[in-house]
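For reference, upload.cif is printed below; it contains mmCIF, C-alpha atoms and all ligand atoms.
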```cif
data_work
#
loop_
_atom_site.label_atom_id
_atom_site.label_comp_id
_atom_site.auth_asym_id
_atom_site.auth_seq_id
_atom_site.Cartn_x
_atom_site.Cartn_y
_atom_site.Cartn_z
CA MET A 407 -133.11 78.98 69.97
CA GLU A 408 -134.03 79.40 73.62
CA ASN A 409 -131.36 76.89 74.57
CA THR A 410 -128.66 78.71 72.73
CA ILE A 411 -129.23 82.25 73.93
CA ALA A 412 -127.86 83.12 77.33
CA LYS A 413 -129.81 85.30 79.69
CA ASN A 414 -127.92 88.32 78.53
CA LYS A 415 -126.37 89.01 81.91
CA PRO A 416 -122.99 87.42 82.34
CA LYS A 417 -122.69 86.45 85.98
CA ILE A 418 -119.54 87.37 87.76
CA ASN A 419 -120.30 86.46 91.38
CA SER A 420 -118.17 83.37 91.21
CA LEU A 421 -115.26 85.15 89.56
CA SER A 422 -113.48 84.88 92.83
CA ARG A 423 -109.80 85.59 92.99
CA LEU A 424 -107.09 83.76 94.82
CA LEU A 425 -106.00 85.49 98.02
CA THR A 426 -102.54 85.50 96.59
CA PRO A 427 -101.67 84.73 92.97
CA ASP A 428 -100.33 81.38 91.96
CA THR A 429 -97.81 82.91 89.57
CA VAL A 430 -96.21 86.31 89.14
CA TYR A 431 -94.57 87.37 85.89
CA ILE A 432 -91.75 89.85 86.37
CA ASP A 433 -90.44 92.00 83.54
CA ILE A 434 -86.90 92.29 84.78
CA THR A 435 -85.72 94.58 81.99
CA PRO A 436 -86.99 96.90 79.27
CA ARG A 437 -83.88 96.13 77.18
CA CYS A 438 -83.56 93.67 74.34
CA ASN A 439 -80.90 92.64 71.84
CA LEU A 440 -83.52 92.10 69.09
CA ARG A 441 -86.01 94.38 67.38
CA CYS A 442 -88.85 92.03 66.52
CA GLN A 443 -91.47 93.45 64.24
CA HIS A 444 -94.38 92.26 66.37
CA CYS A 445 -93.13 92.99 69.86
CA TYR A 446 -95.79 94.36 72.20
CA SER A 447 -93.20 95.61 74.59
CA SER A 448 -91.06 97.42 72.03
CA LYS A 449 -92.11 100.79 73.48
CA ASN A 450 -90.33 99.77 76.66
CA GLY A 451 -87.08 99.72 74.73
CA LEU A 452 -87.16 103.49 74.85
CA TYR A 453 -86.60 103.34 78.59
CA LYS A 454 -83.18 101.98 79.18
CA LYS A 455 -83.34 102.24 82.93
CA GLU A 456 -84.04 98.95 84.55
CA LYS A 457 -84.47 98.13 88.21
CA SER A 458 -81.24 97.34 90.01
CA TYR A 459 -80.33 93.92 91.34
CA ALA A 460 -81.09 95.13 94.88
CA GLU A 461 -84.53 96.37 93.81
CA ILE A 462 -85.34 93.05 92.09
CA CYS A 463 -84.25 91.23 95.27
CA ASP A 464 -86.51 93.47 97.37
CA LEU A 465 -89.39 92.60 95.07
CA LEU A 466 -88.63 88.89 95.36
CA LYS A 467 -88.57 89.27 99.16
CA GLU A 468 -92.01 90.91 98.99
CA LEU A 469 -93.32 88.08 96.83
CA SER A 470 -91.87 85.54 99.17
CA LYS A 471 -93.63 87.24 102.11
CA ALA A 472 -96.86 87.04 100.12
CA HIS A 473 -96.33 83.26 99.74
CA ILE A 474 -95.80 83.39 96.00
CA PHE A 475 -94.15 80.21 94.88
CA LYS A 476 -93.84 80.56 91.11
CA VAL A 477 -92.24 83.44 89.24
CA HIS A 478 -91.69 83.87 85.52
CA LEU A 479 -88.69 86.00 84.66
CA VAL A 480 -89.49 87.78 81.43
CA GLY A 481 -89.06 91.22 80.01
CA ARG A 482 -88.03 92.18 76.89
CA GLU A 483 -84.94 89.96 77.01
CA PRO A 484 -84.11 88.73 80.54
CA LEU A 485 -80.75 87.21 79.59
CA ILE A 486 -79.44 90.61 78.53
CA ARG A 487 -78.91 91.43 82.20
CA LYS A 488 -75.34 90.88 83.30
CA ASP A 489 -76.59 90.09 86.80
CA PHE A 490 -79.11 87.50 85.62
CA SER A 491 -77.37 84.63 87.37
CA LYS A 492 -77.28 86.64 90.61
CA ILE A 493 -81.03 87.16 90.31
CA LEU A 494 -81.46 83.43 89.76
CA SER A 495 -79.29 82.69 92.73
CA PHE A 496 -81.39 84.96 94.94
CA ALA A 497 -84.60 83.35 93.65
CA TYR A 498 -83.04 79.96 94.40
CA GLU A 499 -82.27 80.95 98.00
CA ARG A 500 -85.86 82.10 98.39
CA LYS A 501 -87.07 78.77 96.99
CA PHE A 502 -88.99 80.15 94.03
CA SER A 503 -89.86 77.88 91.17
CA VAL A 504 -88.66 79.88 88.15
CA ARG A 505 -89.63 79.93 84.50
CA ILE A 506 -87.77 82.08 82.01
CA ALA A 507 -88.93 83.40 78.64
CA THR A 508 -86.16 84.27 76.22
CA ASN A 509 -85.50 84.67 72.52
CA GLY A 510 -82.69 82.16 73.08
CA THR A 511 -80.05 84.04 71.12
CA LEU A 512 -77.88 84.92 74.12
CA ILE A 513 -77.54 81.38 75.44
CA THR A 514 -73.89 80.35 75.22
CA PRO A 515 -72.34 77.10 76.55
CA ASP A 516 -71.28 78.99 79.68
CA ILE A 517 -74.72 80.50 80.26
CA ALA A 518 -76.39 77.11 79.78
CA LYS A 519 -74.05 75.63 82.41
CA VAL A 520 -74.82 78.44 84.83
CA LEU A 521 -78.57 77.96 84.32
CA ALA A 522 -78.17 74.24 84.90
CA GLU A 523 -76.82 74.96 88.39
CA TYR A 524 -80.17 76.29 89.51
CA LYS A 525 -82.40 73.33 90.12
CA ASN A 526 -85.30 75.67 90.84
CA ILE A 527 -85.59 76.49 87.12
CA ASN A 528 -88.78 74.78 86.10
CA SER A 529 -88.35 75.47 82.38
CA VAL A 530 -87.13 77.93 79.78
CA GLN A 531 -89.38 79.14 76.99
CA ILE A 532 -87.72 79.99 73.66
CA SER A 533 -89.48 81.67 70.74
CA ILE A 534 -89.42 80.04 67.32
CA ASP A 535 -91.75 81.72 64.85
CA SER A 536 -90.68 79.78 61.78
CA LEU A 537 -88.11 77.18 60.83
CA SER A 538 -87.37 79.15 57.69
CA PRO A 539 -84.36 81.31 58.58
CA LYS A 540 -85.61 84.01 56.23
CA LYS A 541 -89.04 84.24 57.88
CA HIS A 542 -87.92 83.94 61.50
CA ASN A 543 -84.94 86.27 61.06
CA GLU A 544 -86.85 88.96 59.20
CA PHE A 545 -89.60 88.88 61.82
CA ARG A 546 -87.01 89.00 64.59
CA GLY A 547 -84.89 91.68 62.89
CA ASN A 548 -81.64 89.72 63.10
CA SER A 549 -79.99 87.56 60.44
CA GLN A 550 -78.69 85.05 63.04
CA ALA A 551 -81.78 84.85 65.23
CA LEU A 552 -82.97 81.36 64.26
CA GLN A 553 -79.56 79.74 64.26
CA LEU A 554 -78.74 81.20 67.68
CA ALA A 555 -82.12 80.29 69.15
CA ILE A 556 -81.70 76.68 68.00
CA ARG A 557 -78.20 76.60 69.45
CA GLY A 558 -79.68 77.91 72.71
CA ILE A 559 -82.32 75.17 72.77
CA GLU A 560 -79.73 72.47 72.12
CA LEU A 561 -77.45 73.77 74.85
CA LEU A 562 -80.24 73.86 77.40
CA ILE A 563 -81.41 70.36 76.57
CA LYS A 564 -77.85 69.10 76.72
CA ASN A 565 -77.70 70.53 80.23
CA ASN A 566 -80.96 68.83 81.21
CA ILE A 567 -83.02 72.00 81.35
CA LYS A 568 -86.65 71.62 80.30
CA VAL A 569 -87.47 73.69 77.20
CA CYS A 570 -90.78 74.99 75.95
CA ILE A 571 -90.98 76.34 72.40
CA ALA A 572 -93.33 79.22 71.70
CA THR A 573 -94.62 80.48 68.36
CA THR A 574 -96.48 83.72 67.82
CA LEU A 575 -99.20 82.83 65.33
CA THR A 576 -99.01 84.91 62.16
CA ASN A 577 -100.20 84.78 58.58
CA PHE A 578 -96.74 83.57 57.51
CA ASN A 579 -96.53 80.63 59.89
CA TYR A 580 -100.07 79.37 60.54
CA ARG A 581 -99.47 76.44 58.16
CA GLU A 582 -96.15 75.64 59.76
CA LEU A 583 -97.29 74.65 63.25
CA LYS A 584 -97.00 70.89 62.67
CA ASN A 585 -93.43 71.35 61.39
CA ILE A 586 -92.47 73.44 64.40
CA ALA A 587 -94.18 70.97 66.74
CA ASP A 588 -92.26 68.10 65.07
CA PHE A 589 -89.04 70.06 65.52
CA THR A 590 -89.96 70.68 69.18
CA HIS A 591 -90.47 66.98 69.73
CA LYS A 592 -87.39 65.91 67.82
CA ILE A 593 -85.05 68.27 69.59
CA GLY A 594 -86.30 67.04 72.97
CA ALA A 595 -88.35 69.98 74.23
CA TYR A 596 -91.25 69.04 76.49
CA TYR A 597 -93.88 71.62 75.54
CA TYR A 598 -95.11 73.43 72.45
CA ARG A 599 -97.30 76.51 72.59
CA THR A 600 -98.59 79.11 70.20
CA ARG A 601 -100.11 82.43 70.92
CA LEU A 602 -102.26 84.70 68.80
CA LEU A 603 -100.51 87.92 67.82
CA ILE A 604 -101.54 90.89 69.94
CA GLY A 605 -102.09 93.50 67.30
CA ASN A 606 -100.95 97.09 66.96
CA PRO A 607 -100.71 99.36 63.93
CA LEU A 608 -97.13 98.25 63.22
CA ASN A 609 -97.65 94.50 63.36
CA LYS A 610 -101.17 94.11 62.02
CA LYS A 611 -99.81 93.10 58.61
CA PHE A 612 -98.87 89.77 60.25
CA GLN A 613 -102.25 89.14 61.83
CA VAL A 614 -104.10 85.96 60.87
CA SER A 615 -107.57 86.12 59.37
CA LYS A 616 -110.48 84.33 61.01
CA ASP A 617 -110.11 81.41 58.56
CA GLN A 618 -106.38 81.15 59.16
CA TYR A 619 -107.01 81.18 62.89
CA ARG A 620 -109.58 78.41 62.59
CA TYR A 621 -107.13 76.37 60.52
CA ALA A 622 -104.48 76.80 63.23
CA VAL A 623 -106.88 75.86 66.04
CA GLN A 624 -107.91 72.66 64.23
CA ASN A 625 -104.32 71.89 63.40
CA LEU A 626 -103.16 72.22 67.01
CA PHE A 627 -106.08 70.12 68.13
CA ASP A 628 -104.84 67.37 65.81
CA ILE A 629 -101.19 67.84 66.81
CA LYS A 630 -102.17 67.39 70.46
CA ASP A 631 -103.64 63.99 69.61
CA TYR A 632 -100.61 63.06 67.55
CA TYR A 633 -98.12 63.51 70.41
CA ASN A 634 -98.82 61.78 73.66
CA ASP A 635 -95.34 62.39 75.06
CA MET A 636 -95.23 66.15 74.51
CA THR A 637 -97.64 68.80 75.78
CA VAL A 638 -99.21 70.85 73.01
CA GLU A 639 -100.98 73.91 74.34
CA GLN A 640 -104.25 74.72 72.65
CA LEU A 641 -105.47 78.02 71.29
CA HIS A 642 -108.60 79.54 72.79
CA HIS A 643 -111.21 77.87 70.63
CA SER A 644 -110.05 74.26 70.62
CA PHE A 645 -113.19 73.36 72.61
CA LEU A 646 -115.24 74.05 69.48
CA PHE A 647 -113.72 70.85 68.07
CA ASP A 648 -114.25 68.88 71.22
CA LYS A 649 -117.59 67.18 70.91
CA LEU A 650 -117.82 66.67 74.66
CA VAL A 651 -117.83 70.32 75.67
CA GLU A 652 -121.35 71.32 76.57
CA TYR A 653 -123.02 74.51 75.44
CA ASN A 654 -124.43 76.00 78.58
CA PRO A 655 -125.79 79.56 78.62
CA ASP A 656 -126.27 79.40 82.39
CA LYS A 657 -122.65 78.87 83.29
CA GLU A 658 -120.78 81.88 84.49
CA ILE A 659 -118.21 83.81 82.55
CA THR A 660 -114.56 83.13 83.18
CA VAL A 661 -111.09 84.58 82.63
CA PRO A 662 -109.43 81.59 80.98
CA CYS A 663 -105.85 82.86 81.21
CA GLY A 664 -106.28 83.57 84.94
CA ALA A 665 -105.13 87.21 84.62
CA GLY A 666 -106.12 89.04 87.78
CA ILE A 667 -107.55 85.82 89.23
CA SER A 668 -104.57 83.57 89.77
CA ARG A 669 -101.73 85.52 88.21
CA CYS A 670 -100.48 88.99 87.51
CA SER A 671 -97.43 90.76 86.11
CA ILE A 672 -94.98 93.33 87.37
CA THR A 673 -93.78 95.76 84.72
CA TYR A 674 -90.10 96.68 84.30
CA ASP A 675 -90.82 99.87 86.30
CA PHE A 676 -92.62 97.95 89.07
CA LYS A 677 -96.24 98.51 88.31
CA ILE A 678 -98.68 95.74 89.04
CA THR A 679 -100.99 94.70 86.21
CA PRO A 680 -103.35 91.80 85.50
CA CYS A 681 -102.02 91.58 81.92
CA ILE A 682 -98.63 92.73 80.74
CA ALA A 683 -99.87 93.36 77.20
CA LEU A 684 -102.54 95.71 78.57
CA ALA A 685 -100.38 97.41 81.19
CA HIS A 686 -100.85 100.73 79.40
CA LEU A 687 -104.57 100.50 80.33
CA PHE A 688 -104.51 98.58 83.60
CA SER A 689 -101.59 99.08 85.93
CA SER A 690 -100.71 100.81 89.14
CA PRO A 691 -97.41 101.45 90.94
CA LEU A 692 -96.54 98.91 93.62
CA LYS A 693 -96.72 101.20 96.60
CA GLU A 694 -98.28 99.39 99.48
CA GLY A 695 -96.50 96.08 99.24
CA PHE A 696 -97.44 93.26 96.94
CA SER A 697 -100.17 91.59 99.02
CA ASP A 698 -102.09 94.80 99.61
CA GLU A 699 -101.85 95.80 95.98
CA TRP A 700 -103.06 92.41 94.82
CA GLN A 701 -105.95 92.36 97.24
CA LYS A 702 -107.08 95.98 97.22
CA ASN A 703 -105.87 97.76 94.12
CA ASN A 704 -108.74 99.10 92.09
CA VAL A 705 -106.98 98.14 88.89
CA PHE A 706 -108.07 94.52 89.45
CA HIS A 707 -111.63 95.55 90.18
CA LYS A 708 -111.72 97.58 86.94
CA TRP A 709 -110.19 94.66 85.06
CA LEU A 710 -112.63 92.01 86.28
CA LYS A 711 -115.59 94.28 85.61
CA ILE A 712 -114.81 94.13 81.90
CA PHE A 713 -115.90 90.50 81.91
CA THR A 714 -119.40 91.47 83.02
CA LYS A 715 -119.67 93.98 80.24
CA ILE A 716 -118.50 92.22 77.11
CA LYS A 717 -120.71 93.31 74.24
CA GLY A 718 -122.02 91.48 71.22
CA LYS A 719 -122.20 87.80 70.46
CA CYS A 720 -119.95 86.65 73.33
CA ARG A 721 -122.45 88.14 75.77
CA ILE A 722 -125.14 85.73 74.65
CA CYS A 723 -122.95 82.73 74.00
CA GLY A 724 -123.18 79.58 76.07
CA TYR A 725 -119.47 78.89 75.65
CA ARG A 726 -118.37 82.07 77.35
CA TYR A 727 -117.66 80.07 80.51
CA LYS A 728 -115.00 78.32 78.43
CA CYS A 729 -113.27 81.09 76.47
CA GLY A 730 -114.29 84.21 78.40
CA GLY A 731 -115.02 85.93 75.10
CA GLY A 732 -111.40 85.66 74.00
CA CYS A 733 -108.14 87.17 75.16
CA ARG A 734 -108.78 90.82 76.01
CA ALA A 735 -105.33 91.89 74.79
CA ASN A 736 -106.00 90.34 71.38
CA VAL A 737 -109.51 91.80 71.26
CA PHE A 738 -108.31 95.26 72.23
CA GLY A 739 -105.44 95.11 69.73
CA ALA A 740 -107.88 94.28 66.94
CA THR A 741 -110.86 96.45 67.83
CA ASN A 742 -109.52 99.17 70.12
CA ASN A 743 -112.45 98.34 72.37
CA ILE A 744 -111.84 96.31 75.51
CA PHE A 745 -115.52 95.29 75.69
CA SER A 746 -115.79 93.85 72.15
CA SER A 747 -116.53 90.22 71.37
CA ASP A 748 -113.72 88.10 70.01
CA PRO A 749 -113.31 88.96 66.30
CA TRP A 750 -111.51 85.67 65.55
CA CYS A 751 -114.18 83.34 66.86
CA TRP A 752 -116.11 81.71 64.05
CA PHE A 753 -118.87 80.35 66.27
CA ARG A 754 -122.30 81.98 65.89
CA PRO A 755 -124.34 81.72 69.10
CA ASP A 756 -127.37 83.25 67.38
CA LYS A 757 -127.65 80.44 64.81
C1 LIG B 801 -92.21 89.73 75.21
S1 LIG B 801 -91.32 88.26 74.84
C2 LIG B 801 -90.10 88.22 76.10
C3 LIG B 801 -89.13 87.07 75.96
C4 LIG B 801 -88.17 87.10 74.79
N1 LIG B 801 -87.64 88.36 74.52
C5 LIG B 801 -88.78 86.46 73.55
O1 LIG B 801 -88.93 87.13 72.53
O2 LIG B 801 -89.09 85.26 73.61
C6 LIG B 801 -92.37 86.91 75.33
C7 LIG B 801 -93.15 86.30 74.18
O3 LIG B 801 -94.09 87.26 73.73
C8 LIG B 801 -94.15 87.18 72.33
N2 LIG B 801 -94.69 88.42 71.79
C9 LIG B 801 -94.07 89.61 71.62
N3 LIG B 801 -94.91 90.50 71.06
C10 LIG B 801 -96.08 89.86 70.88
C11 LIG B 801 -97.34 90.24 70.35
N4 LIG B 801 -97.54 91.47 69.87
N5 LIG B 801 -98.32 89.33 70.33
C12 LIG B 801 -98.14 88.08 70.81
N6 LIG B 801 -96.97 87.65 71.33
C13 LIG B 801 -95.95 88.54 71.35
C14 LIG B 801 -92.72 86.90 71.94
O4 LIG B 801 -92.64 86.40 70.60
C15 LIG B 801 -92.33 85.90 72.98
O5 LIG B 801 -92.66 84.58 72.57
S1 LIG B 802 -86.81 89.31 71.48
FE1 LIG B 802 -88.69 89.33 72.68
S2 LIG B 802 -88.66 91.24 73.85
FE2 LIG B 802 -87.08 91.38 72.25
S3 LIG B 802 -88.06 92.52 70.61
FE3 LIG B 802 -88.33 90.30 70.24
S4 LIG B 802 -90.31 89.72 71.17
FE4 LIG B 802 -89.68 91.71 71.97
S1 LIG B 803 -115.52 83.80 71.63
FE1 LIG B 803 -117.57 84.48 72.08
S2 LIG B 803 -118.92 83.60 70.53
FE2 LIG B 803 -116.97 82.51 70.48
S3 LIG B 803 -117.31 80.72 71.75
FE3 LIG B 803 -116.38 82.32 73.06
S4 LIG B 803 -118.11 83.41 73.93
FE4 LIG B 803 -118.88 82.18 72.24
#
```
Render the structure in this file as structure tokens.
Ligand SMILES: C[S@@+](CC[C@H](N)C(=O)[O-])C[C@H]1O[C@@H](n2cnc3c(N)ncnc32)[C@H](O)[C@@H]1O
Ligand code: SF4
Ligand code: SF4
Amino acid sequence: MENTIAKNKPKINSLSRLLTPDTVYIDITPRCNLRCQHCYSSKNGLYKKEKSYAEICDLLKELSKAHIFKVHLVGREPLIRKDFSKILSFAYERKFSVRIATNGTLITPDIAKVLAEYKNINSVQISIDSLSPKKHNEFRGNSQALQLAIRGIELLIKNNIKVCIATTLTNFNYRELKNIADFTHKIGAYYYRTRLLIGNPLNKKFQVSKDQYRYAVQNLFDIKDYYNDMTVEQLHHSFLFDKLVEYNPDKEITVPCGAGISRCSITYDFKITPCIALAHLFSSPLKEGFSDEWQKNNVFHKWLKIFTKIKGKCRICGYRYKCGGGCRANVFGATNNIFSSDPWCWFRPDK
């Protein structure tokens, strides 16, 4: 028992942050052509005003000054912007390595060709939540969503652009991950990832149970072994299946996703936040220039403090150095308490 119970005080001294983040996610628009039932940024759709091209360029200049090398262009739907290729062109001039996250439905042959011109595009992530048109399209609120997303993937691959496929894990697709991973491999994408649904009152009907989550974690663990020529990203608790991961109550707590440590996001209205899904709780307008905000803004201090104060079983668990007590956005969505332990984790540190 003594071995399994941590000393009840998560250490945070070594939670040191990079002087400048490795990656910055930029929400370049609050607009979207879809109305997905789960979308955490759907509230943003109410605000139609997006930052102008000149303002986005000014932000990119700031990031360049701060020695940021990697940017992810996201949003609601980044490709909805008519000036998207101009933004890419500016990012190209400034030598950013760019990733894009899109629902894929707006990718036409012409757009794929334009994207292919920018050799600084590292990869494009496209969401596929099910290979059943009925399930994907209902979830995505559009009867053509799956067909168009698959067309988008094919066009990108044809134009030699690296594609990552992303699935939001739900109770209607948790048994489908192998099928979607097989599809990802077959179509020639290089990376498959899933992500636990960040809950809210409207989407909680899609949330997986703890058993369904465990099934998905095991399944992805097996899929990773199955494919040695495609990267399969793991869910938080894959280490529970890895016999080599030590249980060590003395190791310090961590922020596994790197939010606030090595990465941050900029909201569509230019607020800086460690986590885009928690921007309503932790964000602050970019006033003083990016570097100063990253280094001095209290929002990051408040954010990192959470990890010293997680309550319940994760506080005493010797794996907390591995999972950080779970994704805070997921935990908050499920419990409404940012300090709660991870409700999906099946591990019992007290046993
Ligand atoms: C906000 S979207 C932006 C890019 C694009 N519009 C798309 O849907 O792929 C980025 C990713 O977040 C996922 N997402 C949206 N709401 C979510 C939620 N509540 N929980 C987890 N992932 C979510 C989307 O499915 C998508 O894979
Ligand atoms: S396509 Fe993306 S941004 Fe648009 S509603 Fe769906 S999840 Fe949200
Ligand atoms: S989520 Fe909590 S209980 Fe589960 S392994 Fe991580 S720290 Fe331990």
Study note, to complete from the structure: The distance between atom CA of A:Lys610 and atom FE1 of ligand LIG 803 (chain B) is 21.5 Å
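Across A:Ser503, A:Asn566, A:Asn548, A:Ser536, the tightest approach to A:Leu521 is made by A:Asn566 when counting only C-alpha atoms.
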Exercise for review: For A:Thr573, work out the shell of residues within 7 Å, counting only C-alpha atoms and skipping chain neighbours fewer than 5 positions away, then give it as number ranges by chain.
Suggested key: A: 533-535, 599-601
Practice item. Just give me the gap between atom CA of A:Lys630 and atom CA of A:Asp428 in Å, one decimal is fine. Key: 25.7 Å
Check your understanding: What's the 8 Å shell around stretch 703-720 of chain A, counting all atoms listed in the file, without same-chain residues fewer than 4 positions away, as a PyMOL selection string?
Key -> chain A and resi 415-418+659-661+666+679-680+688-690+698-699+726+730-731+744-748+754-756
Point to revise | Close residues, A:Ile629 itself excluded, 8 Å, only C-alpha atoms, min 2 positions apart in chain, as a PyMOL selection string | key: chain A and resi 584+587+625-627+631-633+638
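Atom CA of A:Asp635 sits 17.9 Å away from atom CA of A:Gln531.
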Review point. Using all atoms listed in the file, what are the residues with an atom within 10 Å of ligand LIG 802 (chain B), set out as number ranges by chain?
Key: A: 433, 435-451, 480-484, 486, 507-511, 532-533, 545-548, 551, 574
I'd like the box whose edges run along x, y and z of the file and which contains every listed atom of ligand LIG 801 (chain B), padded by 8 Å per side; could you state its centre and edge lengths in Å, one decimal, as JSON?
```
{"center_x": -93.0, "center_y": 88.0, "center_z": 73.0, "size_x": 26.7, "size_y": 22.9, "size_z": 22.2}
```
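In this comparison, which uses all atoms listed in the file, the residue of A:Leu494, A:Leu583, A:Leu512, A:Val651 approaching ligand LIG 801 (chain B) most closely is A:Leu512.
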**Study point:** Among listed residues A:Leu562, A:Ala740, A:Leu479, A:Leu469, nearest A:Gln613 (using all atoms listed in the file)
**Key:** A:Ala740
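Between A:Asp675 and the residues A:Ser458, A:Asn577, A:Asn565, A:Asn526, the shortest atom-to-atom distance, using only C-alpha atoms, involves A:Ser458.
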Review point. Need the neighbours of (-79.8, 92.7, 95.8): which residues are at most 12 Å away, counting all atoms listed in the file, as a ChimeraX atom specification?
Key: /A:457-467,489-497
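Residue nearest A:Ser615 within the list A:Cys751, A:Cys729, A:Ile567, A:Ile586: A:Cys751 [criterion: smallest interatomic distance, all atoms listed in the file].
Between A:Tyr580 and the residues A:Leu608, A:Ala595, A:Leu561, A:Val623, the shortest atom-to-atom distance, using all atoms listed in the file, involves A:Val623.
For the point (-101.9, 86.2, 62.9), the residues with an atom at a distance of at most 6 Å are Leu575, Thr576, Asn577, Leu603, Phe612, Gln613 and Val614 of chain A, counting all atoms listed in the file.
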